[in-house]
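To be precise, the following lines are final20.txt, and they hold compact mmCIF, C-alpha atoms.
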# COMPACT_ATOMS: atom_id res chain seq x y z
CA MET A 1 238.66 41.17 -14.08
CA PRO A 2 234.87 40.64 -13.76
CA THR A 3 234.19 41.54 -10.14
CA THR A 4 231.30 41.08 -7.75
CA TYR A 5 230.44 41.82 -4.11
CA HIS A 6 229.20 39.57 -1.30
CA ASP A 7 227.15 41.02 1.61
CA PRO A 8 228.18 39.38 4.90
CA CYS A 9 225.04 38.43 6.88
CA ASN A 10 226.10 40.35 9.98
CA TYR A 11 226.90 43.65 8.23
CA GLY A 12 223.78 43.49 6.08
CA ARG A 13 220.63 41.58 6.84
CA ARG A 14 221.28 40.93 10.52
CA ALA A 15 222.50 44.46 11.29
CA GLU A 16 219.30 45.75 9.73
CA GLN A 17 217.24 43.29 11.75
CA MET A 18 218.99 43.91 15.08
CA PHE A 19 220.00 47.57 14.89
CA GLY A 20 217.63 48.96 12.26
CA ARG A 21 220.38 49.71 9.76
CA GLY A 22 222.27 47.39 7.44
CA PHE A 23 225.46 48.38 5.62
CA PHE A 24 224.61 47.79 1.97
CA ASP A 25 225.44 51.08 0.22
CA GLU A 26 228.75 52.00 1.87
CA PRO A 27 230.82 49.00 0.70
CA ARG A 28 229.33 49.36 -2.80
CA TRP A 29 230.43 53.00 -2.92
CA ILE A 30 233.96 52.02 -1.89
CA LEU A 31 234.02 49.20 -4.46
CA SER A 32 232.88 51.60 -7.18
CA GLN A 33 235.84 53.89 -6.42
CA CYS A 34 238.18 50.95 -7.13
CA VAL A 35 236.51 48.92 -9.88
CA GLU A 36 234.47 50.00 -12.89
CA ASN A 37 231.51 47.97 -14.10
CA TRP A 38 231.43 45.45 -11.28
CA VAL A 39 228.35 43.22 -11.25
CA GLU A 40 225.86 42.37 -8.50
CA LEU A 41 225.24 38.83 -7.42
CA TYR A 42 221.66 37.59 -7.66
CA PRO A 43 220.07 37.62 -5.16
CA THR A 44 221.78 40.49 -3.37
CA ALA A 45 221.67 42.88 -0.38
CA GLN A 46 218.91 41.84 2.10
CA ARG A 47 218.26 38.69 0.07
CA GLN A 48 221.93 37.76 -0.21
CA ILE A 49 222.79 34.08 0.32
CA CYS A 50 225.00 33.22 3.30
CA CYS A 51 228.44 31.86 2.33
CA GLY A 52 228.14 29.18 5.01
CA GLY A 53 231.23 30.22 6.95
CA GLY A 54 229.57 32.34 9.64
CA GLY A 55 228.43 31.71 13.20
CA GLY A 56 231.58 29.75 14.00
CA ALA A 57 231.07 27.23 11.17
CA LEU A 58 234.75 27.46 10.14
CA THR A 59 235.85 26.22 13.55
CA SER A 60 233.00 23.91 14.61
CA GLY A 61 234.54 20.92 12.83
CA TYR A 62 231.41 20.18 10.74
CA ASN A 63 233.33 20.67 7.53
CA ASP A 64 231.29 18.45 5.20
CA GLU A 65 228.14 20.35 6.13
CA ARG A 66 229.93 23.71 5.76
CA ILE A 67 231.20 22.86 2.28
CA HIS A 68 227.80 21.55 1.20
CA TYR A 69 226.27 24.78 2.55
CA GLY A 70 228.53 26.78 0.22
CA ARG A 71 227.44 25.13 -3.03
CA ARG A 72 224.79 27.77 -3.74
CA LYS A 73 227.27 30.58 -3.15
CA MET A 74 229.66 29.10 -5.71
CA ASP A 75 226.79 28.68 -8.23
CA GLN A 76 225.74 32.27 -7.60
CA ILE A 77 229.25 33.65 -8.29
CA ARG A 78 229.55 31.56 -11.46
CA ALA A 79 226.15 32.75 -12.67
CA ALA A 80 227.31 36.37 -12.28
CA GLY A 81 230.32 35.59 -14.48
CA ALA A 82 232.69 36.94 -11.84
CA ARG A 83 236.34 36.00 -11.37
CA MET A 84 236.88 38.20 -8.31
CA ILE A 85 234.65 38.41 -5.26
CA VAL A 86 235.13 41.30 -2.83
CA VAL A 87 234.08 40.80 0.76
CA PRO A 88 234.52 42.79 4.00
CA CYS A 89 234.38 39.86 6.46
CA HIS A 90 237.10 37.54 7.79
CA SER A 91 234.74 34.56 8.07
CA CYS A 92 233.31 34.93 4.55
CA HIS A 93 236.84 35.43 3.19
CA GLY A 94 238.04 32.21 4.81
CA GLN A 95 235.01 30.23 3.68
CA LEU A 96 235.09 31.49 0.07
CA ASN A 97 238.79 30.73 -0.24
CA ASN A 98 238.18 27.23 1.08
CA LEU A 99 235.18 26.62 -1.19
CA LYS A 100 237.19 27.50 -4.33
CA SER A 101 239.21 24.32 -4.16
CA GLN A 102 236.18 22.21 -3.24
CA TYR A 103 234.13 23.37 -6.23
CA ASP A 104 236.78 23.48 -8.97
CA PHE A 105 236.87 27.27 -9.01
CA GLU A 106 240.58 27.87 -8.38
CA ASP A 107 240.78 30.92 -10.65
CA LEU A 108 238.39 32.86 -8.39
CA THR A 109 240.14 35.71 -6.53
CA VAL A 110 238.75 36.37 -3.05
CA LYS A 111 239.57 39.91 -1.94
CA TYR A 112 239.02 41.82 1.28
CA LEU A 113 237.39 45.18 0.57
CA TRP A 114 240.24 46.91 2.44
CA GLU A 115 242.80 44.85 0.50
CA LEU A 116 241.29 46.13 -2.74
CA VAL A 117 241.55 49.72 -1.45
CA ALA A 118 245.20 49.18 -0.47
CA ASP A 119 245.92 47.64 -3.90
CA CYS A 120 244.38 50.62 -5.69
CA MET A 121 246.23 53.33 -3.75
CA VAL A 122 248.91 55.29 -5.54
CA VAL A 123 251.51 56.30 -2.97
CA MET B 124 226.08 14.10 19.49
CA THR B 125 223.04 12.33 18.22
CA ASP B 126 221.05 12.97 15.08
CA ILE B 127 217.43 13.59 15.82
CA ASP B 128 215.07 10.88 14.62
CA THR B 129 211.89 12.84 14.02
CA HIS B 130 210.00 9.63 13.26
CA GLN B 131 210.46 8.21 16.72
CA THR B 132 207.65 8.39 19.21
CA THR B 133 207.69 11.39 21.53
CA ASP B 134 206.45 11.10 25.10
CA LEU B 135 203.82 13.84 25.20
CA ASN B 136 203.88 13.86 29.00
CA GLY B 137 207.51 14.95 28.84
CA LEU B 138 206.73 18.14 26.94
CA ASP B 139 206.98 21.47 28.69
CA PRO B 140 205.45 24.22 26.51
CA GLY B 141 206.61 27.73 27.33
CA ARG B 142 209.69 26.48 29.17
CA PHE B 143 211.95 28.97 27.37
CA ARG B 144 209.56 31.94 27.50
CA ASP B 145 212.22 34.05 29.24
CA TRP B 146 214.49 34.05 26.19
CA SER B 147 212.70 36.97 24.49
CA CYS B 148 212.87 35.08 21.19
CA ASP B 149 209.08 34.62 20.85
CA GLN B 150 209.44 31.03 19.62
CA ASP B 151 206.26 30.13 21.53
CA PHE B 152 204.19 32.11 19.00
CA CYS B 153 205.23 30.11 15.93
CA VAL B 154 202.28 29.55 13.58
CA THR B 155 204.11 26.69 11.79
CA CYS B 156 203.86 28.41 8.41
CA ALA B 157 207.30 27.05 7.37
CA LEU B 158 208.50 30.22 5.61
CA CYS B 159 211.70 29.78 7.65
CA SER B 160 212.13 26.24 6.32
CA SER B 161 211.78 27.51 2.76
CA ALA B 162 214.31 30.31 3.31
CA CYS B 163 216.93 28.32 5.22
CA PRO B 164 220.08 27.41 3.24
CA VAL B 165 220.64 24.30 5.38
CA SER B 166 217.12 22.93 5.37
CA GLY B 167 217.45 19.24 4.63
CA ILE B 168 220.94 18.73 6.02
CA ASP B 169 220.67 16.17 8.81
CA ASP B 170 216.89 16.37 8.44
CA PHE B 171 217.09 19.90 9.83
CA ASP B 172 214.75 22.75 9.21
CA PRO B 173 214.31 25.78 11.45
CA ARG B 174 210.59 25.26 11.95
CA LYS B 175 211.22 21.93 13.67
CA LEU B 176 213.79 23.54 15.93
CA VAL B 177 211.43 26.41 16.78
CA ARG B 178 208.61 23.99 17.59
CA MET B 179 210.81 21.72 19.68
CA THR B 180 212.06 24.76 21.61
CA ALA B 181 208.50 26.00 22.10
CA LEU B 182 207.58 22.55 23.43
CA GLY B 183 210.49 22.61 25.86
CA MET B 184 212.30 19.57 24.40
CA GLU B 185 215.55 20.60 26.04
CA ASP B 186 217.59 17.38 25.80
CA GLU B 187 216.78 16.93 22.12
CA ILE B 188 217.64 20.47 21.01
CA VAL B 189 220.79 20.69 23.12
CA GLU B 190 222.16 17.38 21.86
CA ALA B 191 221.31 18.09 18.21
CA ARG B 192 223.93 19.19 15.69
CA TRP B 193 221.33 21.51 14.13
CA PRO B 194 222.12 24.68 16.14
CA TRP B 195 225.80 24.32 15.15
CA ILE B 196 225.23 23.65 11.44
CA CYS B 197 223.03 26.76 11.24
CA THR B 198 225.19 29.86 10.65
CA MET B 199 222.62 32.24 12.17
CA CYS B 200 222.44 33.98 8.77
CA GLY B 201 218.99 35.39 9.53
CA LYS B 202 217.17 34.47 6.31
CA CYS B 203 214.49 32.82 8.49
CA GLU B 204 214.06 35.77 10.84
CA ASN B 205 213.86 38.11 7.86
CA LEU B 206 210.70 36.35 6.65
CA CYS B 207 209.03 35.20 9.86
CA PRO B 208 205.50 36.70 10.08
CA MET B 209 205.58 36.32 13.88
CA ASP B 210 208.95 38.10 14.22
CA ILE B 211 210.49 35.15 16.01
CA HIS B 212 214.18 35.78 16.66
CA ILE B 213 215.38 32.44 15.35
CA PRO B 214 219.16 33.18 15.19
CA ALA B 215 219.07 34.47 18.77
CA MET B 216 217.16 31.32 19.78
CA VAL B 217 219.79 29.14 18.09
CA ARG B 218 222.49 30.98 20.05
CA ARG B 219 220.57 30.40 23.30
CA ILE B 220 220.39 26.66 22.53
CA ARG B 221 224.15 26.60 21.86
CA GLY B 222 224.64 28.19 25.27
CA LEU B 223 222.86 25.25 26.97
CA ARG B 224 225.54 22.75 25.86
CA ASP B 225 228.04 21.56 28.44
CA ARG B 226 231.10 23.65 27.64
CA ASP B 227 233.20 20.50 27.18
CA ALA B 228 230.75 19.34 24.49
CA VAL B 229 230.94 22.50 22.37
CA PRO B 230 232.03 21.24 18.93
CA GLY B 231 235.37 21.90 17.26
CA ILE B 232 237.90 24.33 18.69
CA LEU B 233 235.38 27.04 19.58
CA HIS B 234 235.38 26.63 23.34
CA LYS B 235 239.06 25.68 23.51
CA GLY B 236 239.96 28.88 21.66
CA LEU B 237 237.76 30.88 23.99
CA GLU B 238 239.37 29.27 27.05
CA ALA B 239 242.80 30.13 25.63
CA ALA B 240 241.58 33.71 25.23
CA MET B 241 240.41 33.78 28.86
CA GLN B 242 243.89 32.69 29.99
CA SER B 243 246.10 34.63 27.59
CA GLY B 244 244.02 37.37 25.99
CA ASN B 245 243.86 35.74 22.56
CA ASN B 246 242.56 32.53 20.99
CA LEU B 247 246.07 31.35 20.05
CA GLY B 248 247.60 31.71 23.50
CA LEU B 249 250.24 33.87 21.79
CA PRO B 250 252.57 35.57 24.32
CA ARG B 251 252.98 39.36 24.19
CA GLU B 252 256.65 39.23 23.05
CA ASP B 253 255.82 36.94 20.12
CA PHE B 254 252.89 39.14 19.08
CA VAL B 255 255.06 42.28 19.12
CA PHE B 256 257.82 40.45 17.21
CA ILE B 257 255.39 39.40 14.46
CA LEU B 258 253.91 42.89 14.08
CA GLU B 259 257.36 44.54 13.90
CA ASP B 260 258.61 41.92 11.45
CA VAL B 261 255.66 42.52 9.10
CA ALA B 262 256.08 46.30 9.53
CA GLU B 263 259.69 45.99 8.31
CA GLU B 264 258.42 44.27 5.17
CA VAL B 265 255.94 47.10 4.56
CA ALA B 266 258.73 49.67 5.03
CA GLU B 267 260.66 48.03 2.18
CA GLU B 268 257.87 48.79 -0.30
CA PRO B 269 258.02 52.02 -2.37
CA GLY B 270 255.98 54.79 -0.77
CA PHE B 271 256.08 53.22 2.70
CA GLU B 272 259.67 54.04 3.65
CA GLY B 273 260.09 54.47 7.39
CA PHE B 274 256.79 52.71 8.17
CA LYS B 275 256.52 51.59 11.78
CA VAL B 276 253.68 49.89 13.64
CA PRO B 277 252.65 52.17 16.55
CA ILE B 278 252.10 49.64 19.37
CA ASP B 279 250.54 50.95 22.63
CA LYS B 280 250.60 54.57 21.46
CA LYS B 281 248.89 56.67 24.12
CA GLY B 282 246.42 59.28 22.92
CA ALA B 283 246.18 57.93 19.35
CA ASN B 284 243.02 58.70 17.42
CA LEU B 285 242.17 55.10 16.55
CA LEU B 286 242.63 51.71 18.21
CA THR B 287 242.33 48.65 15.98
CA THR B 288 241.81 45.06 17.09
CA ILE B 289 243.53 42.13 15.34
CA HIS B 290 242.00 38.88 14.05
CA ASN B 291 244.15 36.05 15.40
CA LYS B 292 244.61 34.49 11.96
CA LEU B 293 246.52 37.62 10.89
CA VAL B 294 249.28 36.90 13.41
CA ASN B 295 249.18 33.18 12.67
CA THR B 296 248.78 31.90 9.13
CA HIS B 297 247.81 35.11 7.28
CA THR B 298 250.36 37.78 8.28
CA GLU B 299 250.34 39.26 4.74
CA ASP B 300 246.78 40.40 5.41
CA LEU B 301 247.98 42.67 8.25
CA LYS B 302 249.42 44.99 5.64
CA HIS B 303 246.26 46.26 3.90
CA TRP B 304 244.85 48.32 6.74
CA TRP B 305 248.34 49.50 7.74
CA LYS B 306 248.95 50.83 4.23
CA ILE B 307 245.60 52.64 4.24
CA PHE B 308 246.40 54.19 7.65
CA HIS B 309 249.82 55.26 6.37
CA ALA B 310 248.44 56.82 3.17
CA ALA B 311 245.63 58.55 5.09
CA GLY B 312 248.00 59.92 7.74
CA GLU B 313 245.88 58.23 10.43
CA ASP B 314 247.08 58.45 14.04
CA TRP B 315 246.41 54.84 15.01
CA THR B 316 247.58 52.19 17.44
CA VAL B 317 247.27 48.53 18.35
CA SER B 318 247.40 47.18 21.88
CA SER B 319 250.18 44.73 22.81
CA VAL B 320 247.78 42.89 25.14
CA ASN B 321 244.14 41.78 24.74
CA TRP B 322 244.22 42.66 21.06
CA GLU B 323 241.99 39.74 20.00
CA GLY B 324 239.21 40.94 17.69
CA THR B 325 237.26 37.69 17.42
CA ASN B 326 234.83 36.82 20.18
CA TRP B 327 234.00 33.14 20.21
CA GLY B 328 231.65 33.65 23.17
CA TYR B 329 229.30 35.04 20.53
CA PHE B 330 229.45 31.77 18.58
CA THR B 331 229.17 29.46 21.58
CA GLY B 332 226.27 31.29 23.23
CA ASP B 333 228.51 32.14 26.20
CA ASP B 334 227.36 35.60 27.32
CA GLU B 335 229.67 35.71 30.33
CA ARG B 336 232.89 35.13 28.42
CA MET B 337 231.68 37.24 25.50
CA LYS B 338 231.36 40.16 27.91
CA VAL B 339 234.87 39.56 29.28
CA MET B 340 236.28 39.86 25.76
CA VAL B 341 234.35 43.09 25.08
CA ASP B 342 235.35 44.58 28.46
CA ARG B 343 239.01 43.94 27.68
CA ILE B 344 238.85 45.97 24.48
CA VAL B 345 237.16 48.83 26.34
CA GLU B 346 239.93 48.60 28.98
CA GLN B 347 242.58 49.02 26.27
CA MET B 348 240.78 52.08 24.91
CA GLU B 349 240.81 53.57 28.41
CA ARG B 350 244.42 52.60 29.13
CA LEU B 351 245.65 54.12 25.87
CA GLU B 352 243.23 57.06 26.05
CA VAL B 353 241.90 56.32 22.56
CA LYS B 354 238.45 57.59 21.58
CA ASN B 355 237.77 55.63 18.39
CA LEU B 356 237.74 51.91 17.84
CA MET B 357 238.05 49.97 14.61
CA TRP B 358 236.89 46.40 15.17
CA PRO B 359 236.73 44.71 11.74
CA GLU B 360 236.15 41.22 13.10
As structure tokens, what does this structure read like?
Amino acid sequence: MPTTYHDPCNYGRRAEQMFGRGFFDEPRWILSQCVENWVELYPTAQRQICCGGGGGALTSGYNDERIHYGRRKMDQIRAAGARMIVVPCHSCHGQLNNLKSQYDFEDLTVKYLWELVADCMVV
Amino acid sequence: MTDIDTHQTTDLNGLDPGRFRDWSCDQDFCVTCALCSSACPVSGIDDFDPRKLVRMTALGMEDEIVEARWPWICTMCGKCENLCPMDIHIPAMVRRIRGLRDRDAVPGILHKGLEAAMQSGNNLGLPREDFVFILEDVAEEVAEEPGFEGFKVPIDKKGANLLTTIHNKLVNTHTEDLKHWWKIFHAAGEDWTVSSVNWEGTNWGYFTGDDERMKVMVDRIVEQMERLEVKNLMWPE
């Protein structure tokens, strides 16, 4: 399945801004152990686009604004040709799953990074 | 909550430049270049753009910025801060503005969830017995899968290597998602535990700009680490 990766703002750009180090490489290394030939979104890493679900947006009640916010994220995933998006954040996961139905993208699989690892384990 | 009409006349005598200088966000040094407005994914929604908010904050327009929906529609994603030539901490400023709202006027369920957490230890108000029941029930399902025979969830295990917090949605509507980390721990032979009290991993004081309650939530997790004599914390929320 064509797979891509989304950088959550707080693990990437904001961690770099606030603590001097963003986590960009580590999740990509883990993803590469599980999936061959996954593709990057454009833009990516520091220039990644926010999914629109962070900062409490999923629970603030401003749902129309939140869904509108997510339109660029959906376009970005489509442009990458991906059918699975891997993400290590509960807020992004919730938002992306919600956006699927709003933007006629029901065949998109939204996967936690740790869920992917658990799926790939041979025990 | 009122939308801001930026075309209405502003009483210049009511302005108070530098009023929020103590915030350490440096909004008073904005050069109005509008790079933030160009970078912001929600520029245009509700006539919002971050430059306006920065300028209004710099000018001390407290009532207007506190009543606006803008600070709550912003997700504090940091695209603006990333580009700002004056290094203005715009997401931190947004959070400060959120903190000025009357707590009863915080939108959605954010403050209600936080209040529930203050009372019960978690946003759902889920009692300890119910929480333990859910975890053990899900653990039984894991134990039925090949390779995970005998799996048990080690609740309140003293001296474990790793304590993990739990996102409230995983003991509410998304219990299946509890299993991924548990399976990884099992396969890795990790000596882990989860606390039966104050296990909540989300911290809505962060979202609502409520430093006092945010600190309470953090302190509680540290208390569980001390109580269970655990040295490492995994806090995926």
Just checking: using only C-alpha atoms, which residue out of A:Leu113, A:Cys120, A:Cys50, A:Leu108 ends up closest to chain B?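 Of the candidates, the smallest distance to chain B is held by A:Cys50.
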Give the answer as one residue: which of A:Cys34, A:Ile77, A:Ala57, A:Val87 has the shortest atom-to-atom distance to chain B, using only C-alpha atoms?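 The shortest atom-to-atom distance to chain B comes from A:Ala57.
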Taking into account all atoms listed in the file, which residue in the set A:Ala118, A:Cys51, A:Leu58, A:Val39 is nearest to Leu96 (chain A)?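 That would be A:Cys51, the residue with the smallest distance to Leu96 (chain A).
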Can you measure CA of Pro230 (chain B) to CA of Leu182 (chain B) for me? One decimal in Å is fine. 24.9 Å
Set the cut-off to 6 Å and count all atoms listed in the file: what are the residues of chain A that reach chain B? Output as a ChimeraX atom specification. /A:9,54-56,59-61,115,118,123
Residue among B:Val317, B:Val339, B:Ile289, B:Val345 lying closest to His90 (chain A), counting only C-alpha atoms: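 When distances to His90 (chain A) are compared using only C-alpha atoms, the smallest one comes from B:Ile289.
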Interatomic distance (Å, one decimal) between CA of Leu285 (chain B) and CA of Glu313 (chain B):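 It comes out at 7.8 Å.
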12 Å contact set for Cys156 (chain B), all atoms listed in the file, chain neighbours under 2 positions out, as a compact mmCIF listing (two decimals) with C-alpha atoms, in the frame of the given file:
# COMPACT_ATOMS: atom_id res chain seq x y z
CA PHE B 152 204.19 32.11 19.00
CA CYS B 153 205.23 30.11 15.93
CA VAL B 154 202.28 29.55 13.58
CA LEU B 158 208.50 30.22 5.61
CA CYS B 159 211.70 29.78 7.65
CA SER B 160 212.13 26.24 6.32
CA SER B 161 211.78 27.51 2.76
CA ALA B 162 214.31 30.31 3.31
CA PRO B 173 214.31 25.78 11.45
CA ARG B 174 210.59 25.26 11.95
CA LYS B 175 211.22 21.93 13.67
CA VAL B 177 211.43 26.41 16.78
CA ARG B 178 208.61 23.99 17.59
CA CYS B 203 214.49 32.82 8.49
CA LEU B 206 210.70 36.35 6.65
CA CYS B 207 209.03 35.20 9.86
CA PRO B 208 205.50 36.70 10.08
CA MET B 209 205.58 36.32 13.88
Centre and edges of the region 249-253 of chain B box, axis-aligned, 8 Å extra per side, as lines of an AutoDock Vina configuration file:
center_x = 253.4
center_y = 36.6
center_z = 22.2
size_x = 22.4
size_y = 21.5
size_z = 20.2
Since the input is missing atoms for region 227-260 of chain B, could you rebuild it with N, CA and C atoms and give the result as a short mmCIF file (atom, residue, chain, number, x, y, z; two decimals), keeping the file's coordinate frame?
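Below is the file that was written, out-v2.cif:
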data_model
loop_
_atom_site.label_atom_id
_atom_site.label_comp_id
_atom_site.auth_asym_id
_atom_site.auth_seq_id
_atom_site.Cartn_x
_atom_site.Cartn_y
_atom_site.Cartn_z
N ASP B 227 232.27 21.51 27.70
CA ASP B 227 233.20 20.50 27.18
C ASP B 227 232.67 19.84 25.91
N ALA B 228 231.36 19.98 25.66
CA ALA B 228 230.75 19.34 24.49
C ALA B 228 230.52 20.32 23.34
N VAL B 229 231.01 21.54 23.48
CA VAL B 229 230.94 22.50 22.37
C VAL B 229 231.81 21.97 21.23
N PRO B 230 231.27 21.89 20.00
CA PRO B 230 232.03 21.24 18.93
C PRO B 230 233.26 22.03 18.46
N GLY B 231 234.20 21.29 17.87
CA GLY B 231 235.37 21.90 17.26
C GLY B 231 236.28 22.57 18.27
N ILE B 232 236.94 23.64 17.83
CA ILE B 232 237.90 24.33 18.69
C ILE B 232 237.31 25.60 19.31
N LEU B 233 235.99 25.78 19.15
CA LEU B 233 235.38 27.04 19.58
C LEU B 233 235.58 27.33 21.07
N HIS B 234 235.25 26.36 21.91
CA HIS B 234 235.38 26.63 23.34
C HIS B 234 236.85 26.60 23.78
N LYS B 235 237.63 25.74 23.16
CA LYS B 235 239.06 25.68 23.51
C LYS B 235 239.75 27.01 23.19
N GLY B 236 239.41 27.58 22.04
CA GLY B 236 239.96 28.88 21.66
C GLY B 236 239.53 29.96 22.64
N LEU B 237 238.28 29.89 23.05
CA LEU B 237 237.76 30.88 23.99
C LEU B 237 238.44 30.75 25.35
N GLU B 238 238.66 29.51 25.79
CA GLU B 238 239.37 29.27 27.05
C GLU B 238 240.80 29.81 26.98
N ALA B 239 241.45 29.59 25.82
CA ALA B 239 242.80 30.13 25.63
C ALA B 239 242.78 31.65 25.74
N ALA B 240 241.71 32.25 25.17
CA ALA B 240 241.58 33.71 25.23
C ALA B 240 241.38 34.18 26.67
N MET B 241 240.62 33.40 27.45
CA MET B 241 240.41 33.78 28.86
C MET B 241 241.74 33.80 29.60
N GLN B 242 242.61 32.81 29.30
CA GLN B 242 243.89 32.69 29.99
C GLN B 242 244.91 33.73 29.51
N SER B 243 244.97 33.89 28.16
CA SER B 243 246.10 34.63 27.59
C SER B 243 245.73 35.95 26.93
N GLY B 244 244.44 36.16 26.68
CA GLY B 244 244.02 37.37 25.99
C GLY B 244 243.75 37.17 24.51
N ASN B 245 244.17 36.01 23.98
CA ASN B 245 243.86 35.74 22.56
C ASN B 245 243.66 34.24 22.34
N ASN B 246 242.95 33.92 21.26
CA ASN B 246 242.56 32.53 20.99
C ASN B 246 243.75 31.60 20.77
N LEU B 247 244.89 32.17 20.37
CA LEU B 247 246.07 31.35 20.05
C LEU B 247 246.92 31.06 21.28
N GLY B 248 246.69 31.80 22.36
CA GLY B 248 247.60 31.71 23.50
C GLY B 248 248.97 32.30 23.16
N LEU B 249 248.98 33.27 22.26
CA LEU B 249 250.24 33.87 21.79
C LEU B 249 250.76 34.86 22.84
N PRO B 250 252.01 34.66 23.32
CA PRO B 250 252.57 35.57 24.32
C PRO B 250 252.81 36.96 23.73
N ARG B 251 252.83 37.96 24.61
CA ARG B 251 252.98 39.36 24.19
C ARG B 251 254.24 39.57 23.34
N GLU B 252 255.39 39.00 23.77
CA GLU B 252 256.65 39.23 23.05
C GLU B 252 256.56 38.70 21.61
N ASP B 253 255.94 37.53 21.45
CA ASP B 253 255.82 36.94 20.12
C ASP B 253 254.92 37.79 19.23
N PHE B 254 253.83 38.29 19.83
CA PHE B 254 252.89 39.14 19.08
C PHE B 254 253.60 40.40 18.58
N VAL B 255 254.34 41.04 19.48
CA VAL B 255 255.06 42.28 19.12
C VAL B 255 256.10 41.98 18.04
N PHE B 256 256.80 40.84 18.20
CA PHE B 256 257.82 40.45 17.21
C PHE B 256 257.20 40.30 15.81
N ILE B 257 256.05 39.62 15.75
CA ILE B 257 255.39 39.40 14.46
C ILE B 257 254.98 40.73 13.83
N LEU B 258 254.35 41.60 14.62
CA LEU B 258 253.91 42.89 14.08
C LEU B 258 255.10 43.69 13.54
N GLU B 259 256.20 43.73 14.31
CA GLU B 259 257.36 44.54 13.90
C GLU B 259 258.04 43.93 12.67
N ASP B 260 258.04 42.62 12.61
CA ASP B 260 258.61 41.92 11.45
C ASP B 260 257.83 42.26 10.17
#
